[in-house]
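To start, the structure itself, in structure tokens.
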There are 2 protein chains.
Amino acid sequence: MSVKRVLTERADAVSALAEVFREHGFEGASLSLLSKATGLGKGSLYNFFPGGKEEMMEAVLADIDSWFATTIFAPLEQAHDPAAAVTSMIEDVTAYFRSGRRVCLVGCIGLSSSGAAFAIRTRSYFVRWISALAHCLETAGVPPSPAERIAEEVVSGIQGAIVLARAVGDEAAFLRVIHRQHSTLLAAIARTPPQSA
Amino acid sequence: MSVKRVLTERADAVSALAEVFREHGFEGASLSLLSKATGLGKGSLYNFFPGGKEEMMEAVLADIDSWFATTIFAPLEQAHDPAAAVTSMIEDVTAYFRSGRRVCLVGCIGLSSSGAAFAIRTRSYFVRWISALAHCLETAGVPPSPAERIAEEVVSGIQGAIVLARAVGDEAAFLRVIHRQHSTLLAAIARTPPQSA
DNA sequence: ACCATCTTGTACCGATCGGTACAAGATGGC
DNA sequence: GCCATCTTGTACCGATCGGTACAAGATGGT
């Protein structure tokens, strides 16, 4: 049956859609842009996403969510080696955001009023990221209170690094700020005595 | 002559325009929204801003630029008491961004592709902010290299705090992150010996 | 080969987009 | 009061918006 094909092609389109939403925002992403980027006509687009732009964005956000869940959040939540886990998070995030050239869609839509429709999703994205990172720090022996605070600061700092890097057009700025966040995390981990034998 | 009136009313409109651009972005800010927000018809709008939306945005950015220049940048650049200067910056910024409820327009337009037309302005906004803050730290005796790094981190951190606070819909998150930035600045200042008598 | 299903391009919808034209209405110097 | 200037609302422009309708074209089970 063609169920498989539907899902496959839909999934293929999602990443192209994501890039358009990233670059132009929800309101700025016109159907003609979305159509051009995916190589699909309006007919196909509305066949895959009967709900129109909103459903496309929803699919994109779900895709992002699942990528982060498996690549970023889960490793943090189940970290055996916290230092390695945060280092790997930093590397993955740097690659994902292309050193700040690529915008964080979740952060972006939270900024504009059109993002109100996706508030639950954007909220849970950040809440889960912060709590996963905090949990990782706690695994390393950092007390809950500073762990939560540091995690919040780092996730916030990553978003800031993207804004700054885009605004000044300088990837190096992103890398410098992210490096500081990395150091903050490692310092917090190192400052606590290893809790194992 | 009516030159005075023109400038006065134009200036009045700018703040209303700014709020629309903030909330909807450049592409999402339609002329009807801008007209409604300012209380001016299309005729008046194009009388004041013959260049259309682009000129409106340019005027808004110029307005923001001058506000930051006098309220934020200048005090940092001429600080006699660095600790007081950074504290006052934090307070002004917190009030300006309404504890994260209000978005940073300069940061926002840097994120979307429509902001390319204003790249020079967004770039200089951040560059000057960072260098003013770095200069203030140097005045306090912080060596240039860490001063620049800390300044960059703090300005970036403020942007991140806005993104985070908007996304999770929690002003407290903004205040917590900003408080950390404040502490970072004060710690850097306190760590260096006072260079006066 | 046949047919039901899925997929796609095209034409089209009303609404709204950013922007222009312009005439009527305020304003202020004289 | 008069007239030049400035200001403003309204009507209108072509283009594009998001979205729908639908017929022609794959596709695949049987």
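Chain labels run A, B, ... following the order of the structure tokens; each chain numbers its residues from 1, and ligands are numbered from 1 in the order shown.
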
Residues of chain C no more than 9 Å from chain A, counting only C-alpha atoms (C1' of nucleotides): send them over as a PDB file with N, CA and C atoms (P, O5', C5', C4', C3', O3' and C1' of nucleotides), in the first residue's frame.
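Output (out06.pdb):
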ATOM      1  P    DT C   5     -11.344   2.735  -3.252  1.00  0.00           P
ATOM      2  O5'  DT C   5      -9.861   3.318  -3.183  1.00  0.00           O
ATOM      3  C5'  DT C   5      -8.761   2.426  -2.946  1.00  0.00           C
ATOM      4  C4'  DT C   5      -7.459   3.171  -3.207  1.00  0.00           C
ATOM      5  C3'  DT C   5      -7.382   4.560  -2.545  1.00  0.00           C
ATOM      6  O3'  DT C   5      -6.355   4.539  -1.566  1.00  0.00           O
ATOM      7  C1'  DT C   5      -6.550   4.585  -4.781  1.00  0.00           C
ATOM      8  P    DC C   6      -6.109   5.795  -0.628  1.00  0.00           P
ATOM      9  O5'  DC C   6      -4.840   6.439  -1.344  1.00  0.00           O
ATOM     10  C5'  DC C   6      -3.762   5.593  -1.751  1.00  0.00           C
ATOM     11  C4'  DC C   6      -2.832   6.352  -2.679  1.00  0.00           C
ATOM     12  C3'  DC C   6      -2.379   7.736  -2.172  1.00  0.00           C
ATOM     13  O3'  DC C   6      -0.978   7.818  -2.270  1.00  0.00           O
ATOM     14  C1'  DC C   6      -3.184   7.885  -4.387  1.00  0.00           C
ATOM     15  P    DT C   7      -0.240   9.073  -1.676  1.00  0.00           P
ATOM     16  O5'  DT C   7      -0.002   9.960  -2.969  1.00  0.00           O
ATOM     17  C5'  DT C   7       0.739   9.405  -4.068  1.00  0.00           C
ATOM     18  C4'  DT C   7       0.721  10.390  -5.228  1.00  0.00           C
ATOM     19  C3'  DT C   7       1.170  11.813  -4.891  1.00  0.00           C
ATOM     20  O3'  DT C   7       2.360  12.073  -5.614  1.00  0.00           O
ATOM     21  C1'  DT C   7      -0.753  11.803  -6.291  1.00  0.00           C
ATOM     22  P    DT C   8       3.178  13.385  -5.352  1.00  0.00           P
ATOM     23  O5'  DT C   8       2.624  14.323  -6.502  1.00  0.00           O
ATOM     24  C5'  DT C   8       2.679  13.869  -7.858  1.00  0.00           C
ATOM     25  C4'  DT C   8       1.921  14.843  -8.747  1.00  0.00           C
ATOM     26  C3'  DT C   8       2.229  16.321  -8.476  1.00  0.00           C
ATOM     27  O3'  DT C   8       2.924  16.833  -9.598  1.00  0.00           O
ATOM     28  C1'  DT C   8      -0.102  15.929  -8.832  1.00  0.00           C
ATOM     29  P    DG C   9       3.582  18.281  -9.504  1.00  0.00           P
ATOM     30  O5'  DG C   9       2.721  19.054 -10.586  1.00  0.00           O
ATOM     31  C5'  DG C   9       2.553  18.472 -11.880  1.00  0.00           C
ATOM     32  C4'  DG C   9       1.482  19.201 -12.656  1.00  0.00           C
ATOM     33  C3'  DG C   9       1.643  20.711 -12.725  1.00  0.00           C
ATOM     34  O3'  DG C   9       1.412  21.124 -14.069  1.00  0.00           O
ATOM     35  C1'  DG C   9      -0.481  20.160 -11.752  1.00  0.00           C
TER      36       DG C   9
END

request  = Quick one: everything within 6 Å of Ala132 in chain A, counting only C-alpha atoms (C1' of nucleotides), minus sequence neighbours fewer than 2 positions away in the same chain. Send it as a PyMOL selection string.
outcome  = chain A and resi 73+76-77+128-130+134-135

For those residues, write N, CA, C and O atoms to a file as a PDB file, in the first residue's frame.
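Result saved to out-v3.pdb:
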ATOM      1  N   PHE A  73      18.509  15.209  24.109  1.00  0.00           N
ATOM      2  CA  PHE A  73      17.916  15.047  25.435  1.00  0.00           C
ATOM      3  C   PHE A  73      18.205  13.677  26.045  1.00  0.00           C
ATOM      4  O   PHE A  73      18.674  13.582  27.191  1.00  0.00           O
ATOM      5  N   LEU A  76      21.615  13.019  27.508  1.00  0.00           N
ATOM      6  CA  LEU A  76      21.824  13.770  28.745  1.00  0.00           C
ATOM      7  C   LEU A  76      21.112  13.090  29.915  1.00  0.00           C
ATOM      8  O   LEU A  76      21.631  13.031  31.031  1.00  0.00           O
ATOM      9  N   GLU A  77      19.909  12.599  29.613  1.00  0.00           N
ATOM     10  CA  GLU A  77      19.103  12.014  30.688  1.00  0.00           C
ATOM     11  C   GLU A  77      19.664  10.677  31.171  1.00  0.00           C
ATOM     12  O   GLU A  77      19.466  10.311  32.327  1.00  0.00           O
ATOM     13  N   ARG A 128      12.210  20.804  28.507  1.00  0.00           N
ATOM     14  CA  ARG A 128      12.830  19.482  28.525  1.00  0.00           C
ATOM     15  C   ARG A 128      14.342  19.575  28.353  1.00  0.00           C
ATOM     16  O   ARG A 128      15.094  18.847  28.987  1.00  0.00           O
ATOM     17  N   TRP A 129      14.774  20.473  27.500  1.00  0.00           N
ATOM     18  CA  TRP A 129      16.219  20.636  27.301  1.00  0.00           C
ATOM     19  C   TRP A 129      16.898  21.020  28.622  1.00  0.00           C
ATOM     20  O   TRP A 129      17.890  20.424  29.036  1.00  0.00           O
ATOM     21  N   ILE A 130      16.310  21.990  29.280  1.00  0.00           N
ATOM     22  CA  ILE A 130      16.905  22.459  30.535  1.00  0.00           C
ATOM     23  C   ILE A 130      16.893  21.362  31.585  1.00  0.00           C
ATOM     24  O   ILE A 130      17.900  21.117  32.265  1.00  0.00           O
ATOM     25  N   ALA A 134      20.055  19.663  33.343  1.00  0.00           N
ATOM     26  CA  ALA A 134      20.156  19.738  34.806  1.00  0.00           C
ATOM     27  C   ALA A 134      20.315  18.331  35.392  1.00  0.00           C
ATOM     28  O   ALA A 134      21.129  18.102  36.290  1.00  0.00           O
ATOM     29  N   HIS A 135      19.528  17.410  34.843  1.00  0.00           N
ATOM     30  CA  HIS A 135      19.619  16.030  35.324  1.00  0.00           C
ATOM     31  C   HIS A 135      21.011  15.466  35.108  1.00  0.00           C
ATOM     32  O   HIS A 135      21.554  14.761  35.960  1.00  0.00           O
TER      33      HIS A 135
END

task = Return as a ChimeraX atom specification the residues belonging to chain D that are within 8 Å of chain B, counting only C-alpha atoms (C1' of nucleotides).
result = /D:6-9

Please produce a file of the residues just selected, as a tab-separated table (two decimals), in the first residue's frame, where the atoms kept are C-alpha atoms (C1' of nucleotides).
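Writing the result to out29.tsv gives the following:
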chain	number	residue	atom	x	y	z
D	6	DC	C1'	0.78	70.25	4.19
D	7	DT	C1'	-2.03	66.39	5.65
D	8	DT	C1'	-5.35	62.82	5.23
D	9	DG	C1'	-8.97	59.44	3.79

request  = Compile the residues of chain B that lie within 6 Å of chain A, evaluated using only C-alpha atoms, and express the compilation as a VMD selection string.
outcome  = chain B and resid 23 to 24 27 to 28 107 110 112 to 113 122 to 123 153 156 to 157 159 to 161 163 to 164 166 to 168 177

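Note that the spacing between CA of Ile72 in chain A and CA of Asp92 in chain A amounts to 7.5 Å.
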
For the structure I just gave you, how does DSSP split range 12-82 of chain A - specifically, which residues are alpha helix (DSSP H)? Reply as a PDB file with C-alpha atoms, in the first residue's frame.
ATOM      1  CA  ASP A  12      11.432  14.165   2.942  1.00  0.00           C
ATOM      2  CA  ALA A  13       9.524  17.399   2.547  1.00  0.00           C
ATOM      3  CA  VAL A  14       9.719  18.289   6.212  1.00  0.00           C
ATOM      4  CA  SER A  15      13.394  19.175   6.240  1.00  0.00           C
ATOM      5  CA  ALA A  16      12.974  21.433   3.232  1.00  0.00           C
ATOM      6  CA  LEU A  17       9.972  23.077   4.847  1.00  0.00           C
ATOM      7  CA  ALA A  18      11.964  23.566   8.026  1.00  0.00           C
ATOM      8  CA  GLU A  19      14.643  25.504   6.211  1.00  0.00           C
ATOM      9  CA  VAL A  20      12.088  27.871   4.702  1.00  0.00           C
ATOM     10  CA  PHE A  21      10.387  28.464   8.055  1.00  0.00           C
ATOM     11  CA  ARG A  22      13.752  29.059   9.634  1.00  0.00           C
ATOM     12  CA  GLU A  23      14.799  31.601   7.062  1.00  0.00           C
ATOM     13  CA  HIS A  24      11.520  33.463   6.615  1.00  0.00           C
ATOM     14  CA  GLY A  25       9.527  32.808   9.765  1.00  0.00           C
ATOM     15  CA  PHE A  26       5.980  31.482   9.787  1.00  0.00           C
ATOM     16  CA  GLU A  27       4.321  34.495   8.207  1.00  0.00           C
ATOM     17  CA  GLY A  28       7.107  35.075   5.736  1.00  0.00           C
ATOM     18  CA  LEU A  31       3.224  28.688  -0.086  1.00  0.00           C
ATOM     19  CA  SER A  32       5.141  29.477  -3.241  1.00  0.00           C
ATOM     20  CA  LEU A  33       8.408  29.455  -1.290  1.00  0.00           C
ATOM     21  CA  LEU A  34       7.438  26.235   0.440  1.00  0.00           C
ATOM     22  CA  SER A  35       6.419  24.726  -2.862  1.00  0.00           C
ATOM     23  CA  LYS A  36       9.659  25.718  -4.526  1.00  0.00           C
ATOM     24  CA  ALA A  37      11.804  24.463  -1.651  1.00  0.00           C
ATOM     25  CA  THR A  38      10.151  21.057  -1.514  1.00  0.00           C
ATOM     26  CA  LYS A  42       0.417  23.050  -4.033  1.00  0.00           C
ATOM     27  CA  GLY A  43      -1.642  19.966  -4.698  1.00  0.00           C
ATOM     28  CA  SER A  44       0.969  17.639  -3.223  1.00  0.00           C
ATOM     29  CA  LEU A  45       1.628  19.967  -0.341  1.00  0.00           C
ATOM     30  CA  TYR A  46      -2.024  20.024   0.642  1.00  0.00           C
ATOM     31  CA  ASN A  47      -2.243  16.323   0.065  1.00  0.00           C
ATOM     32  CA  PHE A  48       0.461  15.706   2.660  1.00  0.00           C
ATOM     33  CA  LYS A  53       0.896  25.977   6.675  1.00  0.00           C
ATOM     34  CA  GLU A  54      -0.007  25.363  10.263  1.00  0.00           C
ATOM     35  CA  GLU A  55       0.167  21.609   9.838  1.00  0.00           C
ATOM     36  CA  MET A  56       3.432  21.935   7.935  1.00  0.00           C
ATOM     37  CA  MET A  57       4.920  23.901  10.799  1.00  0.00           C
ATOM     38  CA  GLU A  58       3.530  21.388  13.255  1.00  0.00           C
ATOM     39  CA  ALA A  59       5.205  18.584  11.341  1.00  0.00           C
ATOM     40  CA  VAL A  60       8.467  20.490  11.244  1.00  0.00           C
ATOM     41  CA  LEU A  61       8.343  21.115  14.978  1.00  0.00           C
ATOM     42  CA  ALA A  62       7.528  17.477  15.659  1.00  0.00           C
ATOM     43  CA  ASP A  63      10.497  16.489  13.531  1.00  0.00           C
ATOM     44  CA  ILE A  64      12.800  18.870  15.370  1.00  0.00           C
ATOM     45  CA  ASP A  65      11.422  17.653  18.660  1.00  0.00           C
ATOM     46  CA  SER A  66      12.141  14.038  17.888  1.00  0.00           C
ATOM     47  CA  TRP A  67      15.623  14.838  16.601  1.00  0.00           C
ATOM     48  CA  PHE A  68      16.491  16.698  19.775  1.00  0.00           C
ATOM     49  CA  ALA A  74      18.080  11.261  25.833  1.00  0.00           C
ATOM     50  CA  PRO A  75      21.891  11.069  26.088  1.00  0.00           C
ATOM     51  CA  LEU A  76      21.824  13.770  28.745  1.00  0.00           C
ATOM     52  CA  GLU A  77      19.103  12.014  30.688  1.00  0.00           C
ATOM     53  CA  PRO A  82      28.337  13.505  32.416  1.00  0.00           C
TER      54      PRO A  82
END

key: Pairwise distance for CA of Ile189 in chain B and CA of Ala151 in chain B, rounded to one decimal in Å   = 11.9 Å

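Between C1' of DG14 in chain C and CA of Gly52 in chain B the separation is 25.8 Å.
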
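Residues in contact range of DA21 in chain D, defined as at most 10 Å between only C-alpha atoms (C1' of nucleotides), with sequence neighbours fewer than 6 positions away removed, read DA11, DC12 and DC13 of chain C.
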
Using all heavy atoms, can you export the residues from the last selection as an mmCIF file, in the first residue's frame?
data_model
loop_
_atom_site.group_PDB
_atom_site.id
_atom_site.type_symbol
_atom_site.label_atom_id
_atom_site.label_comp_id
_atom_site.auth_asym_id
_atom_site.auth_seq_id
_atom_site.Cartn_x
_atom_site.Cartn_y
_atom_site.Cartn_z
ATOM 1 P P DA C 11 -3.175 26.612 -16.194
ATOM 2 O OP1 DA C 11 -3.183 26.793 -17.655
ATOM 3 O OP2 DA C 11 -2.203 27.346 -15.353
ATOM 4 O "O5'" DA C 11 -4.648 26.886 -15.632
ATOM 5 C "C5'" DA C 11 -5.680 25.920 -15.830
ATOM 6 C "C4'" DA C 11 -6.875 26.264 -14.957
ATOM 7 O "O4'" DA C 11 -6.617 25.825 -13.592
ATOM 8 C "C3'" DA C 11 -7.184 27.758 -14.880
ATOM 9 O "O3'" DA C 11 -8.574 27.973 -15.066
ATOM 10 C "C2'" DA C 11 -6.722 28.155 -13.482
ATOM 11 C "C1'" DA C 11 -6.930 26.862 -12.698
ATOM 12 N N9 DA C 11 -6.048 26.731 -11.534
ATOM 13 C C8 DA C 11 -4.688 26.911 -11.507
ATOM 14 N N7 DA C 11 -4.148 26.719 -10.322
ATOM 15 C C5 DA C 11 -5.236 26.388 -9.520
ATOM 16 C C6 DA C 11 -5.336 26.069 -8.157
ATOM 17 N N6 DA C 11 -4.289 26.019 -7.348
ATOM 18 N N1 DA C 11 -6.573 25.789 -7.669
ATOM 19 C C2 DA C 11 -7.615 25.846 -8.506
ATOM 20 N N3 DA C 11 -7.637 26.127 -9.803
ATOM 21 C C4 DA C 11 -6.405 26.390 -10.252
ATOM 22 P P DC C 12 -9.148 29.447 -15.207
ATOM 23 O OP1 DC C 12 -10.318 29.360 -16.099
ATOM 24 O OP2 DC C 12 -8.032 30.364 -15.513
ATOM 25 O "O5'" DC C 12 -9.675 29.764 -13.752
ATOM 26 C "C5'" DC C 12 -10.553 28.837 -13.112
ATOM 27 C "C4'" DC C 12 -10.601 29.119 -11.634
ATOM 28 O "O4'" DC C 12 -9.339 28.779 -11.033
ATOM 29 C "C3'" DC C 12 -10.839 30.574 -11.241
ATOM 30 O "O3'" DC C 12 -12.195 30.754 -10.894
ATOM 31 C "C2'" DC C 12 -9.909 30.796 -10.044
ATOM 32 C "C1'" DC C 12 -9.307 29.432 -9.783
ATOM 33 N N1 DC C 12 -7.905 29.471 -9.268
ATOM 34 C C2 DC C 12 -7.657 29.159 -7.945
ATOM 35 O O2 DC C 12 -8.599 28.871 -7.211
ATOM 36 N N3 DC C 12 -6.390 29.195 -7.482
ATOM 37 C C4 DC C 12 -5.378 29.523 -8.310
ATOM 38 N N4 DC C 12 -4.140 29.535 -7.824
ATOM 39 C C5 DC C 12 -5.605 29.837 -9.684
ATOM 40 C C6 DC C 12 -6.869 29.805 -10.122
ATOM 41 P P DC C 13 -12.733 32.231 -10.503
ATOM 42 O OP1 DC C 13 -14.148 32.285 -10.941
ATOM 43 O OP2 DC C 13 -11.767 33.241 -10.995
ATOM 44 O "O5'" DC C 13 -12.711 32.235 -8.929
ATOM 45 C "C5'" DC C 13 -13.417 31.211 -8.191
ATOM 46 C "C4'" DC C 13 -13.168 31.417 -6.718
ATOM 47 O "O4'" DC C 13 -11.852 30.931 -6.389
ATOM 48 C "C3'" DC C 13 -13.180 32.868 -6.297
ATOM 49 O "O3'" DC C 13 -14.480 33.211 -5.831
ATOM 50 C "C2'" DC C 13 -12.156 32.937 -5.157
ATOM 51 C "C1'" DC C 13 -11.321 31.676 -5.322
ATOM 52 N N1 DC C 13 -9.877 31.922 -5.616
ATOM 53 C C2 DC C 13 -8.944 31.811 -4.579
ATOM 54 O O2 DC C 13 -9.343 31.531 -3.441
ATOM 55 N N3 DC C 13 -7.632 32.020 -4.857
ATOM 56 C C4 DC C 13 -7.256 32.327 -6.105
ATOM 57 N N4 DC C 13 -5.954 32.508 -6.337
ATOM 58 C C5 DC C 13 -8.198 32.444 -7.175
ATOM 59 C C6 DC C 13 -9.494 32.251 -6.887
#
